[in-house]
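Engineer: What follows is start.txt; its format and atoms are compact mmCIF, C-alpha atoms.
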# COMPACT_ATOMS: atom_id res chain seq x y z
CA ASN A 102 -94.75 72.05 172.41
CA HIS A 103 -91.04 72.28 173.16
CA TYR A 104 -91.39 71.72 176.89
CA SER A 105 -89.44 68.69 178.11
CA PRO A 106 -90.77 66.99 181.26
CA GLU A 107 -88.69 66.53 184.41
CA PRO A 108 -86.42 63.47 184.16
CA ILE A 109 -87.29 60.16 185.80
CA THR A 110 -84.54 59.09 188.22
CA MET A 111 -83.96 55.42 188.92
CA TYR A 112 -81.36 53.84 191.21
CA LEU A 113 -79.37 50.77 190.17
CA GLU A 114 -77.60 48.72 192.83
CA CYS A 115 -74.36 47.14 191.65
CA ASN A 116 -72.20 44.81 193.70
CA ILE A 117 -68.43 45.15 193.83
CA HIS A 118 -67.92 42.28 191.33
CA GLU A 119 -70.10 44.04 188.72
CA ILE A 120 -68.23 47.32 189.18
CA PHE A 121 -64.82 45.61 189.20
CA ASN A 122 -65.47 43.63 186.00
CA GLY A 123 -68.17 45.66 184.23
CA ALA A 124 -71.66 44.30 183.58
CA ASN A 125 -74.84 44.80 181.59
CA LYS A 126 -77.86 45.37 183.83
CA VAL A 127 -81.48 45.94 182.83
CA VAL A 128 -83.47 48.70 184.54
CA GLU A 129 -87.25 48.45 184.29
CA TYR A 130 -89.38 51.51 184.97
CA THR A 131 -92.77 53.06 184.23
CA ARG A 132 -93.22 56.24 182.24
CA CYS A 133 -96.23 58.45 181.73
CA THR A 134 -97.54 59.19 178.24
CA PRO A 135 -100.70 60.93 176.99
CA SER A 136 -102.25 57.48 176.57
CA GLY A 137 -101.38 56.39 180.14
CA GLU A 138 -98.55 54.70 182.00
CA ILE A 139 -96.43 52.30 180.01
CA PRO A 140 -93.53 50.06 181.07
CA GLY A 141 -90.05 50.73 179.77
CA SER A 142 -86.65 49.17 180.15
CA VAL A 143 -83.08 50.14 179.35
CA THR A 144 -79.81 48.24 179.52
CA VAL A 145 -77.08 49.99 181.48
CA GLN A 146 -73.56 49.03 180.46
CA VAL A 147 -71.83 49.32 183.83
CA GLN A 148 -68.21 50.26 183.10
CA ARG A 149 -65.31 48.87 185.10
CA GLY A 150 -64.45 51.05 188.07
CA TRP A 151 -67.54 53.29 188.02
CA LYS A 152 -67.91 55.22 191.26
CA ASP A 153 -70.89 55.21 193.59
CA GLY A 154 -73.28 57.92 192.37
CA THR A 155 -72.30 57.72 188.68
CA ARG A 156 -75.22 59.02 186.60
CA VAL A 157 -76.21 57.66 183.18
CA THR A 158 -78.72 59.63 181.09
CA PHE A 159 -81.00 58.02 178.51
CA HIS A 160 -82.37 60.93 176.44
CA GLY A 161 -86.04 60.76 175.45
CA CYS A 162 -86.78 57.65 177.53
CA GLY A 163 -88.75 59.48 180.23
CA ASN A 164 -92.25 60.90 180.54
CA GLN A 165 -94.17 62.48 177.65
CA LEU A 166 -96.87 64.89 178.84
CA VAL A 167 -98.62 65.88 175.60
CA PRO A 168 -99.16 64.09 172.25
CA ASP A 169 -96.30 64.82 169.85
CA GLY A 170 -94.49 66.58 172.72
CA LEU A 171 -90.92 65.97 173.78
CA SER A 172 -90.16 63.03 176.02
CA GLY A 173 -88.07 63.68 179.11
CA ASP A 174 -84.92 61.84 180.08
CA LEU A 175 -84.36 58.80 182.24
CA ILE A 176 -81.44 59.15 184.65
CA VAL A 177 -79.97 56.00 186.22
CA VAL A 178 -77.83 56.53 189.32
CA ILE A 179 -75.35 53.78 190.23
CA ILE A 180 -75.41 52.70 193.88
CA GLU A 181 -72.32 50.71 194.88
CA LYS A 182 -73.40 48.02 197.32
CA ASN A 183 -71.07 47.68 200.28
CA PRO A 184 -69.35 44.31 199.82
CA GLY A 185 -68.74 43.61 203.49
CA GLN A 186 -66.41 44.62 206.26
CA ASN A 187 -63.26 42.85 205.07
CA LEU A 188 -63.43 44.16 201.46
CA VAL A 189 -63.48 47.92 200.92
CA ARG A 190 -62.99 50.22 197.96
CA ASN A 191 -60.83 53.30 198.46
CA GLY A 192 -60.67 55.30 195.23
CA ASN A 193 -59.44 52.71 192.73
CA ASP A 194 -57.70 50.62 195.38
CA LEU A 195 -59.29 47.43 196.67
CA ILE A 196 -58.52 46.86 200.34
CA PHE A 197 -58.86 43.32 201.68
CA THR A 198 -58.49 42.71 205.42
CA TYR A 199 -57.31 39.19 206.22
CA PHE A 200 -57.54 37.94 209.79
CA ILE A 201 -54.84 35.53 211.00
CA SER A 202 -54.25 33.68 214.25
CA LEU A 203 -51.41 34.47 216.63
CA LYS A 204 -49.78 31.19 215.53
CA HIS A 205 -49.79 32.35 211.88
CA ALA A 206 -48.56 35.80 212.93
CA LEU A 207 -45.52 34.16 214.55
CA LEU A 208 -44.84 31.36 212.05
CA GLY A 209 -46.06 32.98 208.83
CA ILE A 210 -48.70 31.79 206.39
CA ARG A 211 -49.26 30.90 202.76
CA LEU A 212 -52.34 32.71 201.50
CA ASP A 213 -54.19 31.66 198.35
CA MET A 214 -56.88 34.04 197.23
CA THR A 215 -58.92 34.85 194.16
CA ASN A 216 -59.21 38.46 193.04
CA LEU A 217 -62.61 39.85 191.95
CA ASP A 218 -61.78 39.15 188.29
CA GLY A 219 -61.07 35.48 189.07
CA GLU A 220 -57.27 35.83 189.00
CA HIS A 221 -55.52 33.47 191.42
CA LEU A 222 -53.13 35.30 193.76
CA GLU A 223 -50.67 33.78 196.19
CA PHE A 224 -48.62 35.12 199.08
CA ASP A 225 -45.97 32.97 200.69
CA LEU A 226 -45.15 34.49 204.05
CA ARG A 227 -44.11 31.23 205.73
CA GLY A 228 -41.18 31.75 208.08
CA THR A 229 -42.04 35.44 208.43
CA VAL A 230 -43.32 37.14 211.56
CA ILE A 231 -46.39 39.09 210.45
CA PRO A 232 -47.14 42.07 212.70
CA ASP A 233 -50.72 43.23 213.18
CA GLY A 234 -51.51 45.70 210.38
CA TYR A 235 -48.81 44.32 208.02
CA THR A 236 -49.66 45.39 204.47
CA LYS A 237 -48.95 43.72 201.15
CA ARG A 238 -49.64 45.85 198.05
CA LEU A 239 -50.15 44.29 194.62
CA LEU A 240 -49.73 46.97 191.99
CA GLY A 241 -52.37 47.13 189.26
CA LYS A 242 -54.68 44.53 190.84
CA GLY A 243 -57.33 47.02 191.98
CA PHE A 244 -60.07 48.78 190.01
CA ASN A 245 -59.16 49.40 186.38
CA THR A 246 -60.88 52.49 184.97
CA LYS A 247 -60.30 54.26 181.66
CA THR A 248 -58.03 56.77 183.40
CA SER A 249 -56.21 54.82 186.11
CA ILE A 250 -55.54 51.46 187.69
CA GLY A 251 -55.67 50.89 191.43
CA ASP A 252 -53.88 48.39 193.61
CA LEU A 253 -54.99 45.46 195.73
CA ILE A 254 -53.93 46.07 199.31
CA VAL A 255 -54.04 43.14 201.73
CA ILE A 256 -53.95 44.14 205.38
CA PHE A 257 -53.15 41.36 207.86
CA ARG A 258 -54.90 41.66 211.23
CA VAL A 259 -53.91 39.38 214.09
CA ASN A 260 -56.68 37.80 216.16
CA TYR A 261 -55.02 37.80 219.55
CA PRO A 262 -56.39 35.24 222.04
CA GLU A 263 -58.31 36.73 224.96
CA LYS A 264 -56.41 34.53 227.39
CA LEU A 265 -53.89 31.70 227.31
CA THR A 266 -54.18 28.25 228.87
CA LEU A 267 -51.72 27.27 231.58
CA GLU A 268 -49.92 24.99 229.07
CA GLN A 269 -49.61 27.82 226.53
CA THR A 270 -48.28 30.21 229.15
CA GLU A 271 -45.70 27.67 230.36
CA PHE A 272 -44.67 26.90 226.75
CA ILE A 273 -44.13 30.58 225.93
CA GLU A 274 -42.16 31.17 229.15
CA LYS A 275 -39.72 28.42 228.14
I'd like the structure from this file rewritten - as structure tokens, please.

Structural biologist:
Amino acid sequence: NHYSPEPITMYLECNIHEIFNGANKVVEYTRCTPSGEIPGSVTVQVQRGWKDGTRVTFHGCGNQLVPDGLSGDLIVVIIEKNPGQNLVRNGNDLIFTYFISLKHALLGIRLDMTNLDGEHLEFDLRGTVIPDGYTKRLLGKGFNTKTSIGDLIVIFRVNYPEKLTLEQTEFIEK
């Protein structure tokens, strides 16, 4: 019998660290055989920079309907878990939104951060007025795939106070 059964499709959630750095993840599933359902597992080698929806096919790891018949495929679909509102992926760029106070917007700030691969990054913007939406781009610090390397883009957002105290208002007017 040369009929190959429909593939089994499984979904594998990966967080942004796993996709940024690459990871090995085990997928466990159940497949049907002529002698009943049996458990199976495969190891998916998540490559750096894989996109949401990437499909990996494991040939012959799926269902087998008849004895000595062909086994179908197992397809694993990568689901990129949203990392949170201040860290976003855009293509191969990593966009980090950093909220600062009005004081830091006016006086500047020194920002120490750790990239997703553990690399320590530093921005010294002391003595600089940082407007809302100011962007700092670090070339080559984004997602690194086989074909291209993205950037890390830090966007500074100013948390403006809802209202000022009388002392603050008088100080600013001076």

Engineer: Give the answer as one residue: which of A:Arg211, A:Lys242, A:Lys204, A:Lys264 has the shortest atom-to-atom distance to Asn122 (chain A), using all atoms listed in the file?

Structural biologist: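 Nearest to Asn122 (chain A): A:Lys242.
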
Engineer: Counting only C-alpha atoms, find residues at most 9 Å from (-57.6, 43.2, 200.9) (file frame) and give them as an MDAnalysis selection string.

Structural biologist: chainID A and resid 187:189 195:199 236:238 253:257

Engineer: Tell me which protein, DNA and RNA residues are within 6 Å of Cys133 (chain A), counting all atoms listed in the file, leaving out same-chain ones fewer than 2 positions away, and put them as a list of chain:residue names.

Structural biologist: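 That gives A:Gly137, A:Glu138, A:Asn164.
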
Engineer: Name the residues within 9 Å of (-54.9, 51.0, 187.8), counting all atoms listed in the file in the file's coordinates, and put them as a PyMOL selection string.

Structural biologist: chain A and resi 193-194+240-252

Engineer: Using all atoms listed in the file, which of the listed residues (A:Tyr130, A:Tyr261, A:Phe121, A:Phe272) sits closest to Asp218 (chain A)?

Structural biologist: A:Phe121
